[in-house]
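As structure tokens, the structure follows; a few thoughts come after it.
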Amino acid sequence: GSFTWAGVTGDGRRRVVYTRVDGLRPASVYEHILGDHPASDALLYQEADPTAFLRISSTKDDRYVVLLSSTKTTTEIHVLDPATDRPLPRVLARRREGAQYFVEHRHGWFYVVTNEGDGEYRIARARDVPPGPLEDLETVYEPDVGEVIEDADVFDTHIIVLVRRYGLQQLRCVRFDRDNPHRLRDVLSLGGAMYGTLVPGANVDYTSTTWRMSLESPLGEERVVDCCADSGTIRTLH
């Protein structure tokens with residue numbers, strides 16, 4: 001199973017949201033209040049689809065708790081608002097055959113990596129008020145011809161995008177205006193093609209402007225590399 005912190009109650013006690021395993025799959029989500037007996041934990045969500053697995057996480061800015069229900073070809077996403085005293089999940093992206101969604105949050109917007117539509121992944125966004133089904137997605141980054149998005153990491157001032165272009169991995173940095181965090185500033189290419197496999201680090205600091213990764217290659221030793229969003233440069237640590 002999985003768990004994450006989910007704010008505090010009205011009387012100041014911390015709240016944990018976690019999944020319970022039903023058979024061989026996480027299929028239900030419960031709320032636990034620190035200091036209460038586990039028998040009093042409240043059921044928040046039950047996954048009825050026997051082919052779906054649940055995973056709990058928090059957005060990097062800690063604004064929302066994300067419930068990801070995934071099968072081999074689809075995802076459905078629900079969100080919890082920890083700022084409310086008794087959070088209940090709201091559906092953010094309904095399950096659609098062939099469509100997958102991966103959600104983060106920054107400055108009042110949900111940022112979504114999705115293949116909805118033509119099957120090719122892109123990064124889009126939608127307002128978070130009120131949290132409800134994603135509609136009128138605005139595209140933030142769409143890969144060029146020959147590129148495929150493999151991963152994305154959302155931060156306070158930028159998004160790091162890992163793409164594969166004609167077989168080789170490359171990095172893009174989608175930067176936002178510091179005075180207006182909703183306005184796209186530019187998109188940088190970081191370091192050119194990488195001959196090896198890029199493995200992202202933990203990178204848990206939402207406010208960081210540095211993104212750490214390792215580069216593994218059969219042609220040499222593993223390298224640890226920092227990417228700087230401000231300068232658009234890459235620095236090898238060792």
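Letters A, B, ... mark the chains of the structure tokens in the order given; residue numbers begin at 1 per chain; ligand numbers begin at 1, in order shown.
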
Can you tell me, as a PDB file with N, CA, C and O atoms, in the first residue's frame, what residues are no more than 8 Å from Leu171 (chain A) when counting only C-alpha atoms, ignoring any on the same chain fewer than 6 positions away?
ATOM      1  N   ILE A 160      10.609  20.390 -15.519  1.00  0.00           N
ATOM      2  CA  ILE A 160      11.637  19.628 -16.224  1.00  0.00           C
ATOM      3  C   ILE A 160      10.940  18.494 -16.981  1.00  0.00           C
ATOM      4  O   ILE A 160      10.169  17.738 -16.395  1.00  0.00           O
ATOM      5  N   VAL A 161      11.205  18.400 -18.275  1.00  0.00           N
ATOM      6  CA  VAL A 161      10.570  17.391 -19.118  1.00  0.00           C
ATOM      7  C   VAL A 161      11.653  16.488 -19.701  1.00  0.00           C
ATOM      8  O   VAL A 161      12.618  16.967 -20.317  1.00  0.00           O
ATOM      9  N   LEU A 162      11.491  15.186 -19.494  1.00  0.00           N
ATOM     10  CA  LEU A 162      12.393  14.198 -20.075  1.00  0.00           C
ATOM     11  C   LEU A 162      11.734  13.647 -21.332  1.00  0.00           C
ATOM     12  O   LEU A 162      10.634  13.101 -21.275  1.00  0.00           O
ATOM     13  N   VAL A 163      12.411  13.835 -22.474  1.00  0.00           N
ATOM     14  CA  VAL A 163      11.864  13.367 -23.748  1.00  0.00           C
ATOM     15  C   VAL A 163      12.848  12.393 -24.378  1.00  0.00           C
ATOM     16  O   VAL A 163      14.033  12.362 -24.044  1.00  0.00           O
ATOM     17  N   SER A 189      16.325  23.817 -24.125  1.00  0.00           N
ATOM     18  CA  SER A 189      16.893  22.473 -24.278  1.00  0.00           C
ATOM     19  C   SER A 189      18.142  22.408 -23.414  1.00  0.00           C
ATOM     20  O   SER A 189      19.011  23.286 -23.499  1.00  0.00           O
ATOM     21  N   LEU A 190      18.229  21.387 -22.571  1.00  0.00           N
ATOM     22  CA  LEU A 190      19.333  21.275 -21.620  1.00  0.00           C
ATOM     23  C   LEU A 190      20.307  20.191 -22.061  1.00  0.00           C
ATOM     24  O   LEU A 190      19.980  19.005 -22.031  1.00  0.00           O
ATOM     25  N   GLY A 191      21.481  20.587 -22.504  1.00  0.00           N
ATOM     26  CA  GLY A 191      22.590  19.653 -22.670  1.00  0.00           C
ATOM     27  C   GLY A 191      22.593  18.782 -23.898  1.00  0.00           C
ATOM     28  O   GLY A 191      23.520  17.993 -24.072  1.00  0.00           O
ATOM     29  N   GLY A 192      21.626  18.877 -24.779  1.00  0.00           N
ATOM     30  CA  GLY A 192      21.636  18.048 -25.981  1.00  0.00           C
ATOM     31  C   GLY A 192      21.305  16.601 -25.695  1.00  0.00           C
ATOM     32  O   GLY A 192      20.816  16.239 -24.618  1.00  0.00           O
TER      33      GLY A 192
END

key: strand (DSSP E) residues, from DSSP on the backbone, in region 51-215 of chain A, as a PyMOL selection string   = chain A and resi 53-58+65-70+75-80+90-93+101-106+109-114+122-127+138-141+147-154+158-165+168-176+184-194+197-200+210-215

query = A:Gly108, A:Gly1, A:Pro89, A:Pro82: which is nearest His182 (chain A), counting only C-alpha atoms?
reply = A:Gly108

key: Separation of CA of Leu43 (chain A) from CA of Ser70 (chain A) in Å   = 19.4 Å

query = So which residues touch region 112-128 of chain A within 9 Å, counting only C-alpha atoms, skipping near sequence neighbours fewer than 5 positions away, as a PyMOL selection string?
reply = chain A and resi 96+98-105+134-143+148-152

inquiry  = To one decimal place in Å, what is the distance between CA of Lys60 (chain A) and CA of Glu147 (chain A)?
reply    =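 Distance reported for this atom pair: 25.9 Å.
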
query = region 228-236 of chain A: which residues within 10 Å, counting only C-alpha atoms, same-chain residues fewer than 3 positions away excluded, as a list in words?
reply =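 The residues satisfying every condition are Thr157, His158, Ile159, Ile160, Arg172, Cys173, Val174, Arg175, Val187, Leu188, Ser189, Leu190, Gly191, Ser208, Thr209, Thr210, Trp211, Arg212, Met213, Ser214, Leu215, Arg223, Val224 and Val225 of chain A.
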
task = Tell me, as a ChimeraX atom specification, which residues lie within 12 Å of region 11-18 of chain A, counting only C-alpha atoms; anything in the same chain fewer than 5 positions away does not count.
result = /A:1-6,26-36,38,41-46,54-58,64-67,79-89

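CA of Leu198 (chain A) is positioned 13.9 Å from CA of Leu219 (chain A).
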
task = Can you pull out every residue within 6 Å of Tyr206 (chain A), counting only C-alpha atoms, but drop anything in the same chain fewer than 6 positions away, and send it as a PyMOL selection string?
result = chain A and resi 60-61+155-156

Expected file contents, prior selection, N, CA, C and O atoms, as a PDB file, in the first residue's frame:
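Result went into selection37.pdb, see below:
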ATOM      1  N   LYS A  60       3.572  17.960  -5.248  1.00  0.00           N
ATOM      2  CA  LYS A  60       4.866  18.403  -4.726  1.00  0.00           C
ATOM      3  C   LYS A  60       4.736  19.659  -3.875  1.00  0.00           C
ATOM      4  O   LYS A  60       5.531  19.865  -2.936  1.00  0.00           O
ATOM      5  N   ASP A  61       3.736  20.505  -4.160  1.00  0.00           N
ATOM      6  CA  ASP A  61       3.538  21.705  -3.354  1.00  0.00           C
ATOM      7  C   ASP A  61       2.699  21.440  -2.107  1.00  0.00           C
ATOM      8  O   ASP A  61       2.362  22.377  -1.370  1.00  0.00           O
ATOM      9  N   PHE A 155       7.831  22.096 -10.726  1.00  0.00           N
ATOM     10  CA  PHE A 155       8.379  22.881  -9.628  1.00  0.00           C
ATOM     11  C   PHE A 155       7.697  24.244  -9.571  1.00  0.00           C
ATOM     12  O   PHE A 155       6.862  24.577 -10.413  1.00  0.00           O
ATOM     13  N   ASP A 156       8.095  25.045  -8.606  1.00  0.00           N
ATOM     14  CA  ASP A 156       7.489  26.351  -8.382  1.00  0.00           C
ATOM     15  C   ASP A 156       7.628  27.270  -9.598  1.00  0.00           C
ATOM     16  O   ASP A 156       6.686  27.976  -9.971  1.00  0.00           O
TER      17      ASP A 156
END

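Of the residues under consideration (A:Tyr166, A:Thr75, A:Arg106, A:Pro133), A:Pro133 shows the shortest atom-to-atom contact distance to Leu92 (chain A) when counting only C-alpha atoms.
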